[in-house]
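Containing PDB, C-alpha atoms: model_28.pdb.
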```
ATOM      1  CA  MET A   1      11.857 -18.134  -4.051
ATOM      2  CA  GLU A   2      13.579 -19.688  -1.027
ATOM      3  CA  LYS A   3      11.782 -22.029   1.328
ATOM      4  CA  ILE A   4      10.349 -20.663   4.579
ATOM      5  CA  GLN A   5      12.241 -21.843   7.651
ATOM      6  CA  HIS A   6      10.680 -19.929  10.547
ATOM      7  CA  ARG A   7       8.387 -21.579  13.104
ATOM      8  CA  ASN A   8       5.777 -18.796  13.052
ATOM      9  CA  LEU A   9       4.865 -19.875   9.562
ATOM     10  CA  TYR A  10       1.454 -18.385   8.905
ATOM     11  CA  ARG A  11       2.664 -14.790   9.393
ATOM     12  CA  GLU A  12       5.530 -15.180   6.981
ATOM     13  CA  VAL A  13       3.324 -17.060   4.537
ATOM     14  CA  ALA A  14       0.902 -14.113   4.676
ATOM     15  CA  ASP A  15       3.780 -11.716   3.938
ATOM     16  CA  ARG A  16       4.829 -13.794   0.944
ATOM     17  CA  VAL A  17       1.307 -13.945  -0.467
ATOM     18  CA  ARG A  18       0.936 -10.167   0.016
ATOM     19  CA  GLU A  19       4.092  -9.691  -2.040
ATOM     20  CA  LEU A  20       2.706 -11.844  -4.844
ATOM     21  CA  ILE A  21      -0.478  -9.753  -4.882
ATOM     22  CA  GLU A  22       1.338  -6.407  -4.735
ATOM     23  CA  GLN A  23       3.731  -7.442  -7.508
ATOM     24  CA  GLY A  24       0.861  -8.567  -9.727
ATOM     25  CA  THR A  25       1.954 -12.210  -9.748
ATOM     26  CA  LEU A  26      -1.466 -13.018  -8.282
ATOM     27  CA  MET A  27      -4.009 -10.919 -10.144
ATOM     28  CA  PRO A  28      -7.355  -9.527  -8.887
ATOM     29  CA  GLY A  29     -10.045 -12.203  -9.109
ATOM     30  CA  GLU A  30      -7.510 -15.005  -9.535
ATOM     31  CA  ARG A  31      -8.138 -18.235  -7.629
ATOM     32  CA  ILE A  32      -5.316 -19.025  -5.204
ATOM     33  CA  SER A  33      -3.837 -22.475  -5.750
ATOM     34  CA  GLU A  34      -3.058 -23.902  -2.314
ATOM     35  CA  LYS A  35      -1.139 -26.800  -3.825
ATOM     36  CA  LYS A  36       1.094 -24.513  -5.893
ATOM     37  CA  LEU A  37       1.851 -22.110  -3.040
ATOM     38  CA  CYS A  38       2.520 -24.921  -0.563
ATOM     39  CA  GLU A  39       5.085 -26.363  -2.963
ATOM     40  CA  GLN A  40       6.583 -22.937  -3.645
ATOM     41  CA  PHE A  41       6.956 -22.003   0.025
ATOM     42  CA  GLY A  42       7.723 -25.483   1.320
ATOM     43  CA  VAL A  43       4.885 -25.490   3.867
ATOM     44  CA  SER A  44       1.776 -27.548   4.599
ATOM     45  CA  ARG A  45      -1.757 -26.348   3.914
ATOM     46  CA  THR A  46      -2.417 -25.482   7.582
ATOM     47  CA  PRO A  47      -0.207 -22.335   7.817
ATOM     48  CA  LEU A  48      -1.300 -21.274   4.324
ATOM     49  CA  ARG A  49      -4.962 -21.463   5.258
ATOM     50  CA  GLU A  50      -4.294 -19.554   8.485
ATOM     51  CA  ALA A  51      -2.500 -16.896   6.422
ATOM     52  CA  LEU A  52      -5.427 -16.646   4.019
ATOM     53  CA  LYS A  53      -7.809 -16.097   6.943
ATOM     54  CA  VAL A  54      -5.648 -13.209   8.138
ATOM     55  CA  MET A  55      -5.543 -11.719   4.644
ATOM     56  CA  ALA A  56      -9.295 -12.094   4.297
ATOM     57  CA  SER A  57      -9.703  -9.967   7.439
ATOM     58  CA  GLU A  58      -7.481  -7.370   5.753
ATOM     59  CA  GLY A  59      -9.621  -7.379   2.620
ATOM     60  CA  LEU A  60      -6.882  -8.720   0.347
ATOM     61  CA  VAL A  61      -8.463 -12.098  -0.406
ATOM     62  CA  GLU A  62     -11.954 -13.569  -0.394
ATOM     63  CA  LEU A  63     -12.657 -16.958   1.136
ATOM     64  CA  LEU A  64     -15.007 -19.005  -1.021
ATOM     65  CA  PRO A  65     -17.162 -21.632   0.746
ATOM     66  CA  ASN A  66     -15.702 -25.060  -0.071
ATOM     67  CA  ARG A  67     -13.779 -23.560  -2.990
ATOM     68  CA  GLY A  68     -10.641 -22.054  -1.469
ATOM     69  CA  ALA A  69      -9.816 -18.384  -1.888
ATOM     70  CA  ARG A  70      -9.215 -15.753  -4.541
ATOM     71  CA  VAL A  71      -7.595 -12.325  -4.717
ATOM     72  CA  THR A  72     -10.088  -9.561  -3.986
ATOM     73  CA  ARG A  73     -11.077  -7.442  -6.960
ATOM     74  CA  LEU A  74     -10.799  -3.681  -6.533
ATOM     75  CA  THR A  75     -13.399  -1.320  -7.948
ATOM     76  CA  VAL A  76     -13.163   2.433  -8.443
ATOM     77  CA  LYS A  77     -15.822   2.893  -5.779
ATOM     78  CA  LYS A  78     -14.032   0.653  -3.279
ATOM     79  CA  VAL A  79     -10.673   2.355  -3.837
ATOM     80  CA  ARG A  80     -12.220   5.833  -3.661
ATOM     81  CA  ASN A  81     -13.993   5.001  -0.403
ATOM     82  CA  THR A  82     -10.776   3.604   1.058
ATOM     83  CA  TYR A  83      -8.775   6.632  -0.098
ATOM     84  CA  ASP A  84     -11.314   8.991   1.480
ATOM     85  CA  VAL A  85     -10.736   7.417   4.900
ATOM     86  CA  MET A  86      -6.965   7.141   4.405
ATOM     87  CA  ALA A  87      -6.789  10.788   3.337
ATOM     88  CA  ALA A  88      -8.537  11.819   6.556
ATOM     89  CA  LEU A  89      -6.088   9.724   8.576
ATOM     90  CA  GLU A  90      -3.058  11.069   6.689
ATOM     91  CA  GLY A  91      -4.297  14.629   7.146
ATOM     92  CA  LEU A  92      -4.687  14.098  10.869
ATOM     93  CA  SER A  93      -1.273  12.431  11.037
ATOM     94  CA  GLY A  94       0.297  15.500   9.399
ATOM     95  CA  GLU A  95      -1.272  17.819  11.948
ATOM     96  CA  LEU A  96      -0.201  15.627  14.875
ATOM     97  CA  ALA A  97       3.274  15.015  13.460
ATOM     98  CA  CYS A  98       3.945  18.755  13.349
ATOM     99  CA  GLN A  99       3.053  18.912  17.037
ATOM    100  CA  ASN A 100       4.987  15.843  18.169
ATOM    101  CA  ILE A 101       7.882  15.142  15.796
ATOM    102  CA  THR A 102      11.412  15.272  17.167
ATOM    103  CA  GLU A 103      14.392  16.740  15.354
ATOM    104  CA  GLU A 104      15.830  13.250  15.000
ATOM    105  CA  GLU A 105      12.611  11.956  13.387
ATOM    106  CA  PHE A 106      12.526  14.919  11.031
ATOM    107  CA  SER A 107      16.153  14.351  10.038
ATOM    108  CA  VAL A 108      15.368  10.739   9.125
ATOM    109  CA  ILE A 109      12.411  11.822   6.978
ATOM    110  CA  LYS A 110      14.515  14.533   5.310
ATOM    111  CA  ARG A 111      17.218  11.996   4.411
ATOM    112  CA  LEU A 112      14.596   9.620   3.017
ATOM    113  CA  HIS A 113      13.210  12.480   0.944
ATOM    114  CA  GLU A 114      16.649  13.200  -0.505
ATOM    115  CA  THR A 115      17.078   9.518  -1.350
ATOM    116  CA  MET A 116      13.650   9.505  -2.997
ATOM    117  CA  LEU A 117      14.657  12.496  -5.143
ATOM    118  CA  GLU A 118      17.766  10.633  -6.298
ATOM    119  CA  HIS A 119      15.616   7.682  -7.395
ATOM    120  CA  TYR A 120      13.267  10.107  -9.178
ATOM    121  CA  GLN A 121      16.135  11.773 -11.044
ATOM    122  CA  GLN A 122      17.439   8.342 -12.086
ATOM    123  CA  ARG A 123      13.902   7.209 -13.023
ATOM    124  CA  GLU A 124      14.171   4.234 -10.681
ATOM    125  CA  LEU A 125      10.489   3.633 -10.093
ATOM    126  CA  GLN A 126      10.422   0.698  -7.669
ATOM    127  CA  PRO A 127      13.146   2.085  -5.334
ATOM    128  CA  TYR A 128      11.301   5.417  -5.504
ATOM    129  CA  PHE A 129       8.058   3.749  -4.410
ATOM    130  CA  ARG A 130       9.804   1.927  -1.576
ATOM    131  CA  VAL A 131      11.278   5.124  -0.104
ATOM    132  CA  ASN A 132       8.074   7.058  -0.793
ATOM    133  CA  GLN A 133       6.165   4.554   1.307
ATOM    134  CA  GLN A 134       8.717   4.813   4.108
ATOM    135  CA  ILE A 135       8.262   8.596   4.212
ATOM    136  CA  HIS A 136       4.493   8.299   4.630
ATOM    137  CA  GLU A 137       4.926   5.626   7.297
ATOM    138  CA  ARG A 138       7.453   7.793   9.172
ATOM    139  CA  ILE A 139       5.052  10.746   9.208
ATOM    140  CA  ILE A 140       2.283   8.478  10.486
ATOM    141  CA  ALA A 141       4.616   7.175  13.214
ATOM    142  CA  ALA A 142       5.698  10.712  14.145
ATOM    143  CA  ALA A 143       2.066  11.560  14.887
ATOM    144  CA  GLY A 144       2.414   9.428  18.013
ATOM    145  CA  ASN A 145      -1.081   7.922  17.810
ATOM    146  CA  GLU A 146      -1.073   4.112  17.859
ATOM    147  CA  VAL A 147      -4.766   3.793  16.966
ATOM    148  CA  LEU A 148      -4.326   6.018  13.912
ATOM    149  CA  GLU A 149      -1.236   4.062  12.870
ATOM    150  CA  GLU A 150      -3.008   0.699  13.178
ATOM    151  CA  MET A 151      -6.063   1.848  11.205
ATOM    152  CA  TYR A 152      -3.935   3.386   8.481
ATOM    153  CA  SER A 153      -1.764   0.286   8.133
ATOM    154  CA  ASN A 154      -4.817  -1.941   7.719
ATOM    155  CA  LEU A 155      -6.358   0.258   5.020
ATOM    156  CA  SER A 156      -3.050   0.780   3.244
ATOM    157  CA  GLN A 157      -2.600  -2.972   2.759
ATOM    158  CA  ARG A 158      -5.920  -3.132   0.922
ATOM    159  CA  VAL A 159      -4.936  -0.679  -1.814
ATOM    160  CA  LYS A 160      -1.149  -0.945  -1.813
ATOM    161  CA  ARG A 161      -1.127  -2.766  -5.168
ATOM    162  CA  VAL A 162      -2.862   0.258  -6.729
ATOM    163  CA  ARG A 163      -1.220   3.043  -4.740
ATOM    164  CA  TYR A 164       2.269   1.924  -5.716
ATOM    165  CA  SER A 165       1.512   0.951  -9.275
ATOM    166  CA  LYS A 166       4.120   0.545 -12.006
ATOM    167  CA  LYS A 167       1.986   2.628 -14.377
ATOM    168  CA  MET A 168       2.478   6.347 -13.761
ATOM    169  CA  THR A 169       2.785   9.206 -16.240
ATOM    170  CA  ASP A 170       5.786  11.546 -16.151
ATOM    171  CA  ASP A 171       3.494  14.479 -15.406
ATOM    172  CA  PHE A 172       1.876  12.745 -12.447
ATOM    173  CA  TRP A 173       5.264  11.628 -11.151
ATOM    174  CA  ARG A 174       6.570  15.191 -11.325
ATOM    175  CA  ARG A 175       3.557  16.531  -9.443
ATOM    176  CA  ALA A 176       3.876  13.789  -6.819
ATOM    177  CA  VAL A 177       7.480  14.814  -6.183
ATOM    178  CA  GLU A 178       6.418  18.473  -5.928
ATOM    179  CA  ASP A 179       3.858  17.420  -3.316
ATOM    180  CA  HIS A 180       6.611  15.722  -1.334
ATOM    181  CA  GLU A 181       8.779  18.826  -1.522
ATOM    182  CA  ALA A 182       5.876  20.810  -0.073
ATOM    183  CA  MET A 183       5.361  18.162   2.634
ATOM    184  CA  ILE A 184       8.958  18.443   3.802
ATOM    185  CA  ASP A 185       8.741  22.240   3.823
ATOM    186  CA  ALA A 186       5.523  22.203   5.883
ATOM    187  CA  LEU A 187       6.949  19.607   8.277
ATOM    188  CA  GLN A 188      10.124  21.596   8.761
ATOM    189  CA  LYS A 189       8.052  24.707   9.567
ATOM    190  CA  ARG A 190       5.794  22.600  11.831
ATOM    191  CA  ASP A 191       2.813  23.888   9.859
ATOM    192  CA  GLY A 192       0.245  21.215  10.720
ATOM    193  CA  LEU A 193      -2.673  22.725   8.810
ATOM    194  CA  MET A 194      -0.606  22.998   5.628
ATOM    195  CA  LEU A 195       0.868  19.499   5.920
ATOM    196  CA  GLY A 196      -2.563  18.019   6.655
ATOM    197  CA  ARG A 197      -4.023  19.653   3.553
ATOM    198  CA  ILE A 198      -1.146  18.528   1.325
ATOM    199  CA  LEU A 199      -1.362  14.930   2.553
ATOM    200  CA  ARG A 200      -5.122  14.755   1.977
ATOM    201  CA  GLU A 201      -4.898  16.115  -1.563
ATOM    202  CA  HIS A 202      -1.778  14.088  -2.392
ATOM    203  CA  LEU A 203      -3.483  10.775  -1.684
ATOM    204  CA  CYS A 204      -6.788  11.597  -3.366
ATOM    205  CA  ASN A 205      -4.947  12.703  -6.518
ATOM    206  CA  LYS A 206      -3.613   9.165  -6.876
ATOM    207  CA  LEU A 207      -6.976   8.022  -8.204
ATOM    208  CA  GLU A 208      -5.761   9.601 -11.442
ATOM    209  CA  VAL A 209      -3.489   6.620 -12.021
ATOM    210  CA  ALA A 210      -5.487   4.023 -10.131
ATOM    211  CA  SER A 211      -7.744   2.902 -12.997
ATOM    212  CA  ILE A 212      -5.374   0.215 -14.212
ATOM    213  CA  GLU A 213      -6.584  -2.589 -16.398
ATOM    214  CA  GLY A 214      -6.796  -5.827 -14.441
ATOM    215  CA  MET A 215      -6.255  -4.115 -11.079
ATOM    216  CA  ILE A 216      -9.191  -1.760 -10.624
ATOM    217  CA  GLU A 217     -12.498  -1.842 -12.443
ATOM    218  CA  GLU A 218     -15.976  -0.401 -12.528
ATOM    219  CA  GLU A 219     -18.483  -1.762 -10.016
ATOM    220  CA  GLU A 220     -20.698  -3.397 -12.598
ATOM    221  CA  ASN A 221     -17.790  -5.451 -13.965
ATOM    222  CA  GLU A 222     -17.037  -6.805 -10.507
ATOM    223  CA  LEU A 223     -20.655  -7.715  -9.878
ATOM    224  CA  SER A 224     -21.029  -9.527 -13.179
ATOM    225  CA  SER A 225     -17.778 -11.387 -12.529
ATOM    226  CA  ARG A 226     -18.986 -12.530  -9.145
ATOM    227  CA  ALA A 227     -22.302 -13.667 -10.570
ATOM    228  CA  ALA A 228     -20.506 -15.700 -13.221
ATOM    229  CA  SER A 229     -18.356 -17.458 -10.606
ATOM    230  CA  TYR A 230     -21.354 -19.005  -8.806
TER     231      TYR A 230
END
```

Can I see the file as structure tokens?
Amino acid sequence: MEKIQHRNLYREVADRVRELIEQGTLMPGERISEKKLCEQFGVSRTPLREALKVMASEGLVELLPNRGARVTRLTVKKVRNTYDVMAALEGLSGELACQNITEEEFSVIKRLHETMLEHYQQRELQPYFRVNQQIHERIIAAAGNEVLEEMYSNLSQRVKRVRYSKKMTDDFWRRAVEDHEAMIDALQKRDGLMLGRILREHLCNKLEVASIEGMIEEEENELSSRAASY
């Protein structure tokens, strides 16, 4: 990984650490080695610690008194609670997007959808996830509500490593694509109630593949792990 050159270091350091968490390089519950990351990124401890504070506010890492930081563990309960709120926000965004979206914005989303289908047909999972995420973000943006967009972005960062997981069955993948087809149809018809319903159900269904070993666990496992660390 190349060295960081920008002056506004802590923001880029935070982006790099997020990538390591999302990619599974830094695993849930893993202690974060400041020395190792400073050497890897070519920065001092000051911007790294500032970045970790930002990520702690986002719920991605936990700051341990006098013992550095570690990647936050995700539990089924925590993910479900987060998804419940995100589903409400996505549903609202669908309703608002159908009221406010321009033809140009819709055309961009339609092209992204077609690109996503190409990745699906070629079984290119990571490019598929990348475009899939862009579609959801475009719908959120088309809603035209900055508060909604900010809240959604914050929550999405917390569960991104689960939401865009490498482990997904063919059946679930097929149904996810069918959901997206229905989304585009509802958006094109400007059917806000239909799009809102599809978006809510689409996100909540992702709990089906969220119980991934090492990434999401039952509440009691998290509690016992925390107790053992003290």

Separating CA of Ile109 (chain A) from CA of Asp179 (chain A), to the nearest tenth of an Å, is a gap of 14.5 Å

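Between Arg158 (chain A) and the residues A:Asn145, A:Gln133, A:Ser57, A:Gln122, the shortest atom-to-atom distance, using all atoms listed in the file, involves A:Ser57.
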
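The two atoms in question, CA of Trp173 (chain A) and CA of Arg190 (chain A), are spaced 25.5 Å apart.
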
Notebook entry, point to check: Exactly which residues make up the result of the PyMOL selection byres ((chain A and resi 96) around 9) on this file, given as a list in words?
Noted result: Gly91, Leu92, Ser93, Gly94, Glu95, Ala97, Cys98, Gln99, Asn100, Ile101, Ile140, Ala142, Ala143, Gly144, Asn145, Gly192 and Gly196 of chain A

Since we have the selection now, will you write its residues out, keeping C-alpha atoms, as an mmCIF file, in the coordinates of the input?
```
data_model
loop_
_atom_site.group_PDB
_atom_site.id
_atom_site.type_symbol
_atom_site.label_atom_id
_atom_site.label_comp_id
_atom_site.auth_asym_id
_atom_site.auth_seq_id
_atom_site.Cartn_x
_atom_site.Cartn_y
_atom_site.Cartn_z
ATOM 1 C CA GLY A 91 -4.297 14.629 7.146
ATOM 2 C CA LEU A 92 -4.687 14.098 10.869
ATOM 3 C CA SER A 93 -1.273 12.431 11.037
ATOM 4 C CA GLY A 94 0.297 15.500 9.399
ATOM 5 C CA GLU A 95 -1.272 17.819 11.948
ATOM 6 C CA ALA A 97 3.274 15.015 13.460
ATOM 7 C CA CYS A 98 3.945 18.755 13.349
ATOM 8 C CA GLN A 99 3.053 18.912 17.037
ATOM 9 C CA ASN A 100 4.987 15.843 18.169
ATOM 10 C CA ILE A 101 7.882 15.142 15.796
ATOM 11 C CA ILE A 140 2.283 8.478 10.486
ATOM 12 C CA ALA A 142 5.698 10.712 14.145
ATOM 13 C CA ALA A 143 2.066 11.560 14.887
ATOM 14 C CA GLY A 144 2.414 9.428 18.013
ATOM 15 C CA ASN A 145 -1.081 7.922 17.810
ATOM 16 C CA GLY A 192 0.245 21.215 10.720
ATOM 17 C CA GLY A 196 -2.563 18.019 6.655
#
```

Between CA of Tyr128 (chain A) and CA of Leu74 (chain A) lies a distance of 23.9 Å

* Which residues, written as a ChimeraX atom specification, have at least one atom at most 9 Å from Ser33 (chain A), with all atoms listed in the file counted and residues fewer than 2 positions away on the same chain left out? -> /A:31,35-38,68-70

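Residues captured in this structure file are Ala14, Val17, Arg18, Arg49, Glu50, Ala51, Leu52, Lys53, Val54, Met55, Ser57, Glu58, Gly59, Leu60, Val61, Glu62, Leu63, Leu64, Gly68, Ala69, Arg70, Val71, Thr72, Asn154, Gln157 and Arg158 of chain A, according to the PyMOL selection byres ((chain A and resi 56) around 12).
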
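With the shown file loaded, the PyMOL selection byres ((chain A and resi 83) around 9) picks out Lys78, Val79, Arg80, Asn81, Thr82, Asp84, Val85, Met86, Ala87, Ala88, Leu155, Ser156, Val159, Leu203, Cys204, Lys206 and Leu207 of chain A.
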
Mind writing the picked residues with C-alpha atoms as an mmCIF file, in the coordinates of the input?
```cif
data_model
loop_
_atom_site.group_PDB
_atom_site.id
_atom_site.type_symbol
_atom_site.label_atom_id
_atom_site.label_comp_id
_atom_site.auth_asym_id
_atom_site.auth_seq_id
_atom_site.Cartn_x
_atom_site.Cartn_y
_atom_site.Cartn_z
ATOM 1 C CA LYS A 78 -14.032 0.653 -3.279
ATOM 2 C CA VAL A 79 -10.673 2.355 -3.837
ATOM 3 C CA ARG A 80 -12.220 5.833 -3.661
ATOM 4 C CA ASN A 81 -13.993 5.001 -0.403
ATOM 5 C CA THR A 82 -10.776 3.604 1.058
ATOM 6 C CA ASP A 84 -11.314 8.991 1.480
ATOM 7 C CA VAL A 85 -10.736 7.417 4.900
ATOM 8 C CA MET A 86 -6.965 7.141 4.405
ATOM 9 C CA ALA A 87 -6.789 10.788 3.337
ATOM 10 C CA ALA A 88 -8.537 11.819 6.556
ATOM 11 C CA LEU A 155 -6.358 0.258 5.020
ATOM 12 C CA SER A 156 -3.050 0.780 3.244
ATOM 13 C CA VAL A 159 -4.936 -0.679 -1.814
ATOM 14 C CA LEU A 203 -3.483 10.775 -1.684
ATOM 15 C CA CYS A 204 -6.788 11.597 -3.366
ATOM 16 C CA LYS A 206 -3.613 9.165 -6.876
ATOM 17 C CA LEU A 207 -6.976 8.022 -8.204
#
```

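For the residues A:Arg45, A:Arg197, A:His202, A:Arg111, ranking by smallest atom-to-atom distance to His180 (chain A) using only C-alpha atoms places A:His202 first.
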
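Using only C-alpha atoms, the shortest contact distance between Leu9 (chain A) and any of A:Glu34, A:Pro47, A:Lys77, A:Thr25 is found at A:Pro47.
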
If you count only C-alpha atoms, the residue of A:Glu30, A:Thr169, A:Arg67, A:Glu178 closest to His113 (chain A) turns out to be A:Glu178

From the list A:Gly24, A:Gly42, A:Gly29, A:Pro65, the nearest residue to Arg161 (chain A) using all atoms listed in the file is A:Gly24

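Closest approach to Asp185 (chain A) among A:Thr46, A:Ile135, A:Lys110, A:Arg73 is made by A:Lys110 (distances from all atoms listed in the file).
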
Please give the centre and size of the box around region 63-66 of chain A (axis-aligned, containing every atom listed in the file, 6 Å added per side), with values in Å to one decimal and written as JSON.
```
{"center_x": -14.9, "center_y": -21.0, "center_z": 0.1, "size_x": 16.5, "size_y": 20.1, "size_z": 14.2}
```

Would you mind putting back N, CA, C and O atoms on region 44-59 of chain A, then writing it out as a PDB file, keeping the file's coordinate frame?
```pdb
ATOM      1  N   SER A  44       3.002 -26.757   4.717  1.00  0.00           N
ATOM      2  CA  SER A  44       1.776 -27.548   4.599  1.00  0.00           C
ATOM      3  C   SER A  44       0.595 -26.610   4.369  1.00  0.00           C
ATOM      4  O   SER A  44       0.739 -25.375   4.412  1.00  0.00           O
ATOM      5  N   ARG A  45      -0.575 -27.170   4.168  1.00  0.00           N
ATOM      6  CA  ARG A  45      -1.757 -26.348   3.914  1.00  0.00           C
ATOM      7  C   ARG A  45      -2.231 -25.599   5.157  1.00  0.00           C
ATOM      8  O   ARG A  45      -2.882 -24.560   5.044  1.00  0.00           O
ATOM      9  N   THR A  46      -1.916 -26.121   6.351  1.00  0.00           N
ATOM     10  CA  THR A  46      -2.417 -25.482   7.582  1.00  0.00           C
ATOM     11  C   THR A  46      -1.944 -24.042   7.738  1.00  0.00           C
ATOM     12  O   THR A  46      -2.769 -23.138   7.910  1.00  0.00           O
ATOM     13  N   PRO A  47      -0.624 -23.728   7.681  1.00  0.00           N
ATOM     14  CA  PRO A  47      -0.207 -22.335   7.817  1.00  0.00           C
ATOM     15  C   PRO A  47      -0.684 -21.465   6.663  1.00  0.00           C
ATOM     16  O   PRO A  47      -0.962 -20.272   6.848  1.00  0.00           O
ATOM     17  N   LEU A  48      -0.803 -22.052   5.454  1.00  0.00           N
ATOM     18  CA  LEU A  48      -1.300 -21.274   4.324  1.00  0.00           C
ATOM     19  C   LEU A  48      -2.744 -20.862   4.549  1.00  0.00           C
ATOM     20  O   LEU A  48      -3.125 -19.709   4.315  1.00  0.00           O
ATOM     21  N   ARG A  49      -3.557 -21.787   5.023  1.00  0.00           N
ATOM     22  CA  ARG A  49      -4.962 -21.463   5.258  1.00  0.00           C
ATOM     23  C   ARG A  49      -5.126 -20.458   6.388  1.00  0.00           C
ATOM     24  O   ARG A  49      -6.009 -19.595   6.335  1.00  0.00           O
ATOM     25  N   GLU A  50      -4.269 -20.554   7.414  1.00  0.00           N
ATOM     26  CA  GLU A  50      -4.294 -19.554   8.485  1.00  0.00           C
ATOM     27  C   GLU A  50      -3.916 -18.182   7.930  1.00  0.00           C
ATOM     28  O   GLU A  50      -4.503 -17.158   8.296  1.00  0.00           O
ATOM     29  N   ALA A  51      -2.931 -18.152   7.038  1.00  0.00           N
ATOM     30  CA  ALA A  51      -2.500 -16.896   6.422  1.00  0.00           C
ATOM     31  C   ALA A  51      -3.618 -16.293   5.583  1.00  0.00           C
ATOM     32  O   ALA A  51      -3.851 -15.081   5.611  1.00  0.00           O
ATOM     33  N   LEU A  52      -4.337 -17.138   4.862  1.00  0.00           N
ATOM     34  CA  LEU A  52      -5.427 -16.646   4.019  1.00  0.00           C
ATOM     35  C   LEU A  52      -6.559 -16.066   4.863  1.00  0.00           C
ATOM     36  O   LEU A  52      -7.211 -15.095   4.463  1.00  0.00           O
ATOM     37  N   LYS A  53      -6.790 -16.644   6.041  1.00  0.00           N
ATOM     38  CA  LYS A  53      -7.809 -16.097   6.943  1.00  0.00           C
ATOM     39  C   LYS A  53      -7.423 -14.696   7.400  1.00  0.00           C
ATOM     40  O   LYS A  53      -8.258 -13.789   7.457  1.00  0.00           O
ATOM     41  N   VAL A  54      -6.143 -14.523   7.730  1.00  0.00           N
ATOM     42  CA  VAL A  54      -5.648 -13.209   8.138  1.00  0.00           C
ATOM     43  C   VAL A  54      -5.820 -12.208   6.996  1.00  0.00           C
ATOM     44  O   VAL A  54      -6.286 -11.081   7.191  1.00  0.00           O
ATOM     45  N   MET A  55      -5.469 -12.616   5.791  1.00  0.00           N
ATOM     46  CA  MET A  55      -5.543 -11.719   4.644  1.00  0.00           C
ATOM     47  C   MET A  55      -6.975 -11.416   4.260  1.00  0.00           C
ATOM     48  O   MET A  55      -7.276 -10.344   3.737  1.00  0.00           O
ATOM     49  N   ALA A  56      -7.873 -12.350   4.539  1.00  0.00           N
ATOM     50  CA  ALA A  56      -9.295 -12.094   4.297  1.00  0.00           C
ATOM     51  C   ALA A  56      -9.792 -10.999   5.233  1.00  0.00           C
ATOM     52  O   ALA A  56     -10.589 -10.137   4.844  1.00  0.00           O
ATOM     53  N   SER A  57      -9.308 -11.010   6.477  1.00  0.00           N
ATOM     54  CA  SER A  57      -9.703  -9.967   7.439  1.00  0.00           C
ATOM     55  C   SER A  57      -9.156  -8.608   7.026  1.00  0.00           C
ATOM     56  O   SER A  57      -9.699  -7.575   7.399  1.00  0.00           O
ATOM     57  N   GLU A  58      -8.078  -8.611   6.241  1.00  0.00           N
ATOM     58  CA  GLU A  58      -7.481  -7.370   5.753  1.00  0.00           C
ATOM     59  C   GLU A  58      -8.115  -6.899   4.450  1.00  0.00           C
ATOM     60  O   GLU A  58      -7.813  -5.807   3.973  1.00  0.00           O
ATOM     61  N   GLY A  59      -8.970  -7.750   3.866  1.00  0.00           N
ATOM     62  CA  GLY A  59      -9.621  -7.379   2.620  1.00  0.00           C
ATOM     63  C   GLY A  59      -8.825  -7.681   1.373  1.00  0.00           C
ATOM     64  O   GLY A  59      -9.205  -7.265   0.271  1.00  0.00           O
TER      65      GLY A  59
END
```
